[in-house]
Amino acid sequence: MAAKQANLCHAKLLLIVLALQSTLPVMAAGILWPIAEGGNGHTYQPISAGTLIAWTTADQLAREAGGYLATITSDAENEFVFNLVRDDYSYWYVWFGSNYYGPWLGGYQLPGSSEPADGWAWVTGEPFVFEAWNSGEPSNTAGGLNEDRIHFAGSGRPQAFWNDQISFDGVFGPIAFVVEYEPVTFEAEDAEFFEAGSVETVLSGYSGDGYVALDGQVEDPLGWPINTRAVGPHTLVFHYANTGLNPVPVNIIVNGAGLAQGLLETDAMGEEAWNSLAVCVYLNAGNNLIELGLPAHSQGIALDKLTVLNESMNLMDLRSEIMDCDGPDLASRANALDRSIDTCWYVDSFPESLEVDLGDIYPLNHAKIVYGDGAACQYRIEVRTGLKDIYTLAVDQTEDAASVDAACHFNTVLARYIRLTVTGMVEPENSGAEIAEFQAMAKPEYAAITTESGQYRTIQQAVDAAQDGDVITLQPGLYTGPGNDAINMKGKAITLTSIDPEDELVVTRTIIKGDTPALGAIMCFNKETHHCLLSGLTVTGARAGIYCEAASPLVRHCHLVENLGAGIEMLNRSKPTIDHCLIAGNRHTGVYTNPTGRRGNLSAPVIQNCTIADNLGFGIDGGSPLVVVNSIIWSNGHLTEGVQIANSDPLLSYCCLPGQWEGAGILNHDPLFVRQGLWEPVPQDLWSGPEDPGMQYIAGDYHLQSEVGFWNASDSAWLTSPMSSPCIDAGDPDSDWTQEPAPHGSRLNMGAYGGTLQASLSSL
């Protein structure tokens, strides 16, 4: 693996000649920092320009190579990267005055920050949690110029310390930089876990030490831990063979969220057996877990590897060889693939072709031609998956072409072989074409976080840019970490929603996960009104799923589950409406409002068609007024003696909860959930701290049992049970029931699924 990554990186950074036309660059081999040795699985490569180089230029070159300027988040990483440039430091450091100026790193200071120490950030957006400043640094002492970039420095000798420095002044500064690459290929035999299979080498054409052949006796996924710093959409490519007789359904699971299903269908043997399954997913900064789940009895399935492609990966960097083509000059053709605009493929007779074997089957949907002399040519691009296949046309620019560097998008196709044929010149007086670079990419097919006006890498970026009335849409995925946690809605009248809030599978797979001690995963404390809509989201893992203070958002079709505190917490006259939400399995209260204080300061939520169940604390805790209608409040209070509502004056109607309560349509019968959630004891040595309740939540299914039919999301089917819930057709008769599927009783069901397409059926 290490050699594979190093070779890939070396090929990528031939691009350095792009900026260094008069100086021969020095490139160290890319070195992998192995996970087995406490590393992150990333590869690092020092590059020396041999002359002063601007931070902005180094940043651009690193990104074009498919990496980024190295970011340092621990003392161990700092030492590892520094050790790459501590020897032969004449390549990496320049002496000026009394200091050594070492390679650029990916740190910079946000504009407008207080000098000198505030606002430092990494180019990847990951937290700036580790610092290794030299004594007296950062200092911002460049005579009025802004020292807002980070590099290795040294006083008297190169050291593993940092200095702040201006990007470029032409007099002194770094002559080198360090590029960091995320892993690309993950072999199946190196998966973190698999039990129902063995490593074999019978089929030819595999990579690594072999492939995993599944025996199909049990359902057992393969899993790979993926550490990435490029938050956003990625393309996963699974290299597989299916030598069985039938297609096999698969489930791709990313960070616990099942995101896609596909069919593996190959029937050949040997090298021709291999095919690829490509899936676009959203990855977060830091650790991600990718699993490929197959059903039992899936004999004949062989899994070779997983390839993770980010938005900037040029698949030509993964090529195995240039194919024999018409014309004798293969060396000239190689110049179109070396990442340098100083070397070109000279085409002086037409047509002439360049054919590349990418080594494996990849999805392609984007290509780019960079001209050495600016003179555009006419061309076509064709692709095929196997040597025996006929080429199919992907791009046709044989009649005309742009007069600038040509970038073209096309429908995604699977291809191992890609052929560029130059057929002529746009300007006939030009006798030949100079192709400096030919690139091919697999751009993710969707932007994970979008508004009508743009696409964003984090939810907070989208909120910051949004105007009143905007809709921020999240594709299915797990959103966590900086920018995707502690989201501040900033008082805006905007909508934050999944792609389909009324599809439970979409809701359960669109997950905002808190991982900081912030007040909530989503926070409203800027006088948000009901025009701030949170819709179709699962919010989990936070101190509170949603936190409101003097704010009144509309929360609809959300799952607020398994939070460390309350599902939703509200203080100081908050008046949110909580509609058709599941609030379950939280380690504190389901719904919390400030319980004391002057009545005018109390929060007054309206809760309608919600299921509040199996929370360790109260179902609802806090002061009045409190309006609850068409809701089920059941089996809460595991740590509070079974108390469902800690409120002496709730306004209840058409609700199901134990005990004697006043109000129209109140039931105190078991609602008969399809599956009740459970809390199980956890051994004390596994507690997170002294306040850990020592209990683990086992999620339930809070659809209502029905003899006629209840919706089973995992099977996408209607099933029946021997009993029917008393909460079916028991809601407010004046509430809208028309979205409930037939047969129905022309009256709303209680709970989160009442009035929706997943309402349990009734023959009344």
# chains A, B, ... in the order shown; residues from 1 in each chain; ligands from 1
call {"tool": "select_by_dssp", "arguments": {"residues": "stretch 457-558 of chain A", "states": "strand (DSSP E)", "output": "JSON, numbers by chain"}}
result
{"A": [471, 472, 473, 474, 477, 478, 479, 480, 487, 488, 495, 496, 497, 498, 510, 511, 512, 513, 522, 523, 524, 533, 534, 535, 538, 539, 540, 546, 547, 548, 549, 554, 555, 556]}
call {"tool": "write_last_selection", "arguments": {"atoms": "C-alpha atoms", "output": "tab-separated table (two decimals), in the first residue's frame"}}
result
chain	number	residue	atom	x	y	z
A	471	VAL	CA	-34.31	26.47	1.17
A	472	ILE	CA	-31.19	24.52	2.17
A	473	THR	CA	-31.50	20.90	1.03
A	474	LEU	CA	-29.40	18.06	2.42
A	477	GLY	CA	-25.71	11.35	4.67
A	478	LEU	CA	-24.20	11.86	8.10
A	479	TYR	CA	-23.30	15.49	8.78
A	480	THR	CA	-21.02	16.09	11.74
A	487	ILE	CA	-25.46	25.01	13.59
A	488	ASN	CA	-26.55	28.59	14.30
A	495	THR	CA	-35.76	26.13	5.57
A	496	LEU	CA	-33.26	23.38	6.41
A	497	THR	CA	-34.62	20.15	5.00
A	498	SER	CA	-33.89	16.67	3.68
A	510	THR	CA	-30.20	12.41	6.73
A	511	ILE	CA	-28.40	12.69	10.04
A	512	ILE	CA	-27.01	15.71	11.86
A	513	LYS	CA	-24.81	14.37	14.66
A	522	ILE	CA	-29.06	22.96	15.82
A	523	MET	CA	-29.36	26.23	17.72
A	524	CYS	CA	-32.02	28.93	17.47
A	533	LEU	CA	-38.37	25.54	9.32
A	534	LEU	CA	-36.41	22.40	10.25
A	535	SER	CA	-37.83	19.51	8.27
A	538	THR	CA	-32.55	13.05	12.20
A	539	VAL	CA	-30.71	14.93	14.96
A	540	THR	CA	-28.67	12.84	17.37
A	546	ILE	CA	-32.41	21.33	18.97
A	547	TYR	CA	-31.82	24.25	21.35
A	548	CYS	CA	-34.15	27.26	21.40
A	549	GLU	CA	-33.82	30.43	23.44
A	554	LEU	CA	-41.23	25.17	13.20
A	555	VAL	CA	-39.86	21.63	13.61
A	556	ARG	CA	-41.60	19.14	11.35
call {"tool": "residues_around", "arguments": {"residues": "stretch 725-735 of chain A", "least_positions_apart": "6", "cutoff": "9 Å", "atoms": "only C-alpha atoms", "output": "VMD selection string"}}
result
chain A and resid 609 629 to 632 653 to 656 664 to 665 667 669 to 673 704 to 707 744 to 751 754 to 755 759 to 762 764
call {"tool": "closest_residue", "arguments": {"among": "A:Thr451, A:Thr201, A:Thr423, A:Gln467", "to": "A:Gln378", "atoms": "only C-alpha atoms"}}
result
A:Thr423
call {"tool": "residues_around", "arguments": {"residues": "A:Tyr346", "least_positions_apart": "5", "cutoff": "8 Å", "atoms": "only C-alpha atoms", "output": "MDAnalysis selection string"}}
result
chainID A and resid 332:333 432:435
call {"tool": "closest_residue", "arguments": {"among": "A:Asn572, A:Gln159, A:Ser276, A:Thr611", "to": "A:Asn594", "atoms": "only C-alpha atoms"}}
result
A:Asn572
call {"tool": "atom_distance", "arguments": {"atom1": "atom CA of A:Val395", "atom2": "atom CA of A:Leu420"}}
result
9.4 Å
call {"tool": "residues_around", "arguments": {"residues": "A:Arg573", "least_positions_apart": "6", "cutoff": "9 Å", "atoms": "only C-alpha atoms", "output": "MDAnalysis selection string"}}
result
chainID A and resid 549:552 594 600:604
call {"tool": "closest_residue", "arguments": {"among": "A:Arg419, A:His638, A:His580, A:Arg380", "to": "A:Leu354", "atoms": "only C-alpha atoms"}}
result
A:Arg419
call {"tool": "atom_distance", "arguments": {"atom1": "atom CA of A:Ala241", "atom2": "atom CA of A:Glu200"}}
result
12.6 Å
call {"tool": "closest_residue", "arguments": {"among": "A:Glu437, A:Leu292, A:Asp621, A:Val422", "to": "A:Ala334", "atoms": "only C-alpha atoms"}}
result
A:Glu437
call {"tool": "atom_distance", "arguments": {"atom1": "atom CA of A:Asp649", "atom2": "atom CA of A:Ile568"}}
result
19.9 Å
call {"tool": "residues_around", "arguments": {"residues": "A:Val606", "least_positions_apart": "5", "cutoff": "10 Å", "atoms": "only C-alpha atoms", "output": "ChimeraX atom specification"}}
result
/A:554,575-579,625-629,651
call {"tool": "write_last_selection", "arguments": {"atoms": "C-alpha atoms", "output": "mmCIF file, in the first residue's frame"}}
result
data_model
loop_
_atom_site.group_PDB
_atom_site.id
_atom_site.type_symbol
_atom_site.label_atom_id
_atom_site.label_comp_id
_atom_site.auth_asym_id
_atom_site.auth_seq_id
_atom_site.Cartn_x
_atom_site.Cartn_y
_atom_site.Cartn_z
ATOM 1 C CA LEU A 554 -41.232 25.173 13.204
ATOM 2 C CA LYS A 575 -42.773 29.063 21.341
ATOM 3 C CA PRO A 576 -41.817 26.469 18.718
ATOM 4 C CA THR A 577 -44.308 24.204 17.027
ATOM 5 C CA ILE A 578 -43.187 20.573 17.040
ATOM 6 C CA ASP A 579 -45.153 18.699 14.408
ATOM 7 C CA PRO A 625 -48.431 26.718 29.291
ATOM 8 C CA LEU A 626 -48.067 23.541 27.228
ATOM 9 C CA VAL A 627 -50.330 22.426 24.376
ATOM 10 C CA VAL A 628 -50.207 18.798 23.239
ATOM 11 C CA VAL A 629 -52.616 17.268 20.726
ATOM 12 C CA LEU A 651 -53.468 21.397 27.829
#
call {"tool": "residues_around", "arguments": {"residues": "A:Tyr108", "least_positions_apart": "6", "cutoff": "6 Å", "atoms": "only C-alpha atoms", "output": "JSON, numbers by chain"}}
result
{"A": [120, 121, 148, 149]}
call {"tool": "write_last_selection", "arguments": {"atoms": "N, CA and C atoms", "output": "compact mmCIF listing (two decimals), in the first residue's frame"}}
result
# COMPACT_ATOMS: atom_id res chain seq x y z
N TRP A 120 -6.73 31.59 13.45
CA TRP A 120 -5.95 30.68 12.62
C TRP A 120 -6.78 29.47 12.23
N ALA A 121 -6.61 29.02 10.99
CA ALA A 121 -7.44 27.94 10.46
C ALA A 121 -6.62 27.09 9.50
N ASP A 148 0.07 36.13 7.65
CA ASP A 148 -1.15 35.37 7.82
C ASP A 148 -1.08 33.96 7.22
N ARG A 149 0.17 33.41 7.10
CA ARG A 149 0.34 32.05 6.61
C ARG A 149 1.35 31.33 7.52
call {"tool": "select_by_dssp", "arguments": {"residues": "stretch 324-437 of chain A", "states": "helix (DSSP H, G or I)", "output": "ChimeraX atom specification"}}
result
/A:330-337
call {"tool": "closest_residue", "arguments": {"among": "A:Asp87, A:Asp169, A:Glu382, A:Asp464", "to": "A:Ala54", "atoms": "only C-alpha atoms"}}
result
A:Asp169
